[in-house]
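Notes follow the structure.
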Amino acid sequence: MTLWGVLQVITLVLIVAGAALAVWLRDLLAAVIALAAASLLLSLEFYLLQAPDVAIAEAGIGAALTTAIYVLAIRKTRRKEEE
Amino acid sequence: MKWVRVGALLLVVGLLFGAAAWMRPFGRPSLAEMDAYFIQKAQAEAGANNVVTSVVFDYRGFDTLGEATVLFCAVVGVALVLRRVLR
Amino acid sequence: MTVVVRTVARIIAPMILAFGGYVIMHGHLTPGGGFQGGAVAASALALLAISFGFGRWKGIKAPLSFLEDLGALAFVALGFLGIGYTFFRNVLAASGGLFGAPVPPGPNPGLLETGGTLPLMNWAVGLKVIAGLGSVVLLLGLFGGEDDR
């Protein structure tokens with residue numbers, strides 16, 4: 001397998017790990033940060049797939065703005081998830 | 001009831017993996033006439049080096065108009081729901 | 001926010017804004033375009049607003065609404081510019097006028113004054129996306145009163 005393929009597999013595994021972490025964490029702020037990390041890795045994956053347009057859009061919307069909106073919503077409500 | 005859910009989940013995962021194995025080889029999309037047309041003619045017709053932008057704003061301008069409408073509706077919706085803060 | 005966040009935001013926000021402007025301005029030459037550059041610039045606005053508190057940004061709401069309307073109207077007007085042929089016809093491309101320089105064929109770095117209506121539409125959509133996403137973040141931040149932590 002080439003270096004490109006290895007990098008891609010690592011990125012994809014980390015994306016799934018970040019998404020699972022975002023579901024599993026009880027602290028909502030930490031879950032949002034995990035979601036942002038997964039989103040940033042997804043933008044790296046788009047870049048590796050030679051789609052820089054989508055990569056810029058994903059980094060701007062998914063990693064930055066969505067995180068900002070979630071952080072604002074958590075600031076207005078509660079930080080801990082309740083059963 | 002739990003085992004039904006697990007079975008359904010396994011079925012969906014199996015179907016997804018089967019579909020992934022059945023896909024075209026990676027990096028070789030199916031041939032279409034429009035691809036070659038855009039790549040060859042976009043520089044002369046739309047006058048831009050970025051073929052993606054010339055597709056988004058020139059050949060498929062209606063799509064972008066719809067996207068702009070969606071964004072506008074989203075912003076208007078947020079402003080309507082949260083309009084109390086403006087006073 | 002703390003002084004660390006404020007200092008980092010003060011340094012890094014102009015760079016993000018400049019990168020967003022670059023992505024919008026060179027949308028017809030390099031990857032990106034109005035939507036992507038607008039999203040990047042709006043994330044800089046969100047960074048500034050979150051780190052410095054939302055109280056001082058209350059006055060910017062009306063200009064943002066105006067910019068959003070201006071962007072949308074400019075986009076539709078540029079689409080109507082080619083109504084003599086078809087809607088969204090690129091009439092300015094390779095005409096010798098505004099953004100109308102002929103494009104050298106084949107792979108090349110490109111010229112900034114090419115593209116016809118594409119750069120103008122990029123700016124229109126970029127303004128619209130900056131104003132729209134910025135006002136969404138601003139409204140969410142101002143909702144339910146000011147609690148600056």
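Scheme for the structure tokens: letters A, B, ... for chains in order shown; per-chain residue numbers from 1; ligand numbers from 1 in order shown.
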
Practice task
Pull out every residue of chain A sitting within 12 Å of chain C, counting only C-alpha atoms, and send them as a list of chain:residue names.
Solution key: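 Within 12 Å of chain C on chain A, we get A:Tyr47, A:Gln50, A:Ala51, A:Pro52, A:Asp53, A:Val54, A:Ala55, A:Ile56, A:Ala57, A:Glu58, A:Ala59, A:Gly60, A:Ile61, A:Gly62, A:Ala63, A:Ala64, A:Leu65, A:Thr66, A:Thr67, A:Ala68, A:Ile69, A:Tyr70, A:Val71, A:Leu72, A:Ala73, A:Ile74, A:Arg75, A:Lys76, A:Thr77.
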
Atoms kept (N, CA, C and O atoms) for selection, written as a short mmCIF file (atom, residue, chain, number, x, y, z; two decimals), in the first residue's frame:
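Output saved as result-v6.cif:
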data_model
loop_
_atom_site.label_atom_id
_atom_site.label_comp_id
_atom_site.auth_asym_id
_atom_site.auth_seq_id
_atom_site.Cartn_x
_atom_site.Cartn_y
_atom_site.Cartn_z
N TYR A 47 -9.30 16.71 1.16
CA TYR A 47 -8.12 17.21 0.48
C TYR A 47 -7.30 16.06 -0.10
O TYR A 47 -6.78 16.17 -1.21
N GLN A 50 -8.40 14.92 -3.35
CA GLN A 50 -8.20 15.93 -4.38
C GLN A 50 -9.49 16.70 -4.67
O GLN A 50 -9.85 16.94 -5.82
N ALA A 51 -10.18 17.07 -3.59
CA ALA A 51 -11.34 17.95 -3.71
C ALA A 51 -11.13 19.15 -2.81
O ALA A 51 -11.76 19.27 -1.76
N PRO A 52 -10.20 20.06 -3.14
CA PRO A 52 -9.89 21.16 -2.22
C PRO A 52 -11.06 22.11 -2.01
O PRO A 52 -11.15 22.72 -0.95
N ASP A 53 -11.95 22.22 -3.00
CA ASP A 53 -13.14 23.05 -2.82
C ASP A 53 -13.95 22.61 -1.61
O ASP A 53 -14.28 23.40 -0.71
N VAL A 54 -14.26 21.32 -1.63
CA VAL A 54 -15.09 20.76 -0.55
C VAL A 54 -14.32 20.81 0.76
O VAL A 54 -14.91 21.00 1.83
N ALA A 55 -12.99 20.66 0.68
CA ALA A 55 -12.19 20.68 1.90
C ALA A 55 -12.26 22.05 2.57
O ALA A 55 -12.43 22.13 3.79
N ILE A 56 -12.17 23.12 1.78
CA ILE A 56 -12.26 24.47 2.37
C ILE A 56 -13.64 24.70 2.97
O ILE A 56 -13.78 25.22 4.07
N ALA A 57 -14.68 24.26 2.23
CA ALA A 57 -16.04 24.46 2.75
C ALA A 57 -16.24 23.67 4.03
O ALA A 57 -16.83 24.18 5.00
N GLU A 58 -15.74 22.44 4.08
CA GLU A 58 -15.91 21.62 5.28
C GLU A 58 -15.14 22.20 6.46
O GLU A 58 -15.65 22.20 7.59
N ALA A 59 -13.92 22.70 6.19
CA ALA A 59 -13.14 23.28 7.29
C ALA A 59 -13.82 24.54 7.82
O ALA A 59 -13.82 24.79 9.02
N GLY A 60 -14.40 25.34 6.91
CA GLY A 60 -15.04 26.57 7.35
C GLY A 60 -16.35 26.32 8.06
O GLY A 60 -16.59 26.84 9.14
N ILE A 61 -17.21 25.52 7.44
CA ILE A 61 -18.55 25.30 8.01
C ILE A 61 -18.49 24.29 9.14
O ILE A 61 -18.92 24.56 10.26
N GLY A 62 -17.95 23.10 8.83
CA GLY A 62 -18.05 21.99 9.79
C GLY A 62 -17.19 22.20 11.01
O GLY A 62 -17.63 21.98 12.14
N ALA A 63 -15.94 22.62 10.79
CA ALA A 63 -15.02 22.68 11.93
C ALA A 63 -15.15 23.98 12.70
O ALA A 63 -15.00 23.99 13.92
N ALA A 64 -15.43 25.08 12.02
CA ALA A 64 -15.42 26.36 12.72
C ALA A 64 -16.83 26.82 13.11
O ALA A 64 -17.11 27.02 14.29
N LEU A 65 -17.70 26.98 12.12
CA LEU A 65 -18.99 27.63 12.41
C LEU A 65 -19.93 26.74 13.21
O LEU A 65 -20.60 27.20 14.12
N THR A 66 -19.96 25.43 12.86
CA THR A 66 -20.83 24.53 13.61
C THR A 66 -20.39 24.45 15.06
O THR A 66 -21.22 24.44 15.98
N THR A 67 -19.05 24.40 15.26
CA THR A 67 -18.54 24.37 16.63
C THR A 67 -18.93 25.64 17.38
O THR A 67 -19.32 25.57 18.55
N ALA A 68 -18.82 26.78 16.70
CA ALA A 68 -19.19 28.04 17.36
C ALA A 68 -20.66 28.03 17.75
O ALA A 68 -21.01 28.43 18.87
N ILE A 69 -21.52 27.56 16.84
CA ILE A 69 -22.95 27.56 17.15
C ILE A 69 -23.27 26.60 18.29
O ILE A 69 -24.04 26.91 19.20
N TYR A 70 -22.62 25.41 18.28
CA TYR A 70 -22.85 24.46 19.37
C TYR A 70 -22.36 25.01 20.70
O TYR A 70 -23.02 24.85 21.74
N VAL A 71 -21.18 25.67 20.67
CA VAL A 71 -20.65 26.23 21.91
C VAL A 71 -21.58 27.30 22.45
O VAL A 71 -21.85 27.39 23.66
N LEU A 72 -22.12 28.12 21.55
CA LEU A 72 -23.07 29.15 21.99
C LEU A 72 -24.31 28.51 22.59
O LEU A 72 -24.81 28.95 23.64
N ALA A 73 -24.82 27.45 21.93
CA ALA A 73 -26.03 26.79 22.45
C ALA A 73 -25.76 26.16 23.80
O ALA A 73 -26.60 26.22 24.71
N ILE A 74 -24.57 25.57 23.99
CA ILE A 74 -24.25 24.96 25.28
C ILE A 74 -24.09 26.04 26.35
O ILE A 74 -24.51 25.87 27.50
N ARG A 75 -23.55 27.19 25.96
CA ARG A 75 -23.40 28.28 26.92
C ARG A 75 -24.77 28.78 27.40
O ARG A 75 -24.93 29.18 28.55
N LYS A 76 -25.76 28.74 26.50
CA LYS A 76 -27.08 29.20 26.91
C LYS A 76 -27.86 28.14 27.69
O LYS A 76 -28.85 28.47 28.34
N THR A 77 -27.45 26.85 27.60
CA THR A 77 -28.23 25.80 28.27
C THR A 77 -27.35 25.10 29.30
O THR A 77 -26.68 25.77 30.05
#

Practice task
Check every residue of chain B for an atom within 6 Å of chain C, counting only C-alpha atoms, and provide those that qualify as a PyMOL selection string.
Solution key: chain B and resi 46-50+53+61+75+85

Practice task
Could you tell me which of B:Val76, B:Val56, B:Val70, B:Val13 comes closest to chain A if we count only C-alpha atoms?
Solution key: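 That would be B:Val56, the residue with the smallest distance to chain A.
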
Handout entry: Shortest interatomic distance to C:Trp123 - which of C:Ile11, C:Leu98, C:Ile16, C:Leu78, counting only C-alpha atoms
Key =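 For C:Trp123, the nearest of the given residues is C:Leu78.
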
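Considering the residues A:Leu41, A:Ala36, A:Leu48, A:Leu25 and counting only C-alpha atoms, A:Glu81 has its shortest atom-to-atom contact with A:Leu25.
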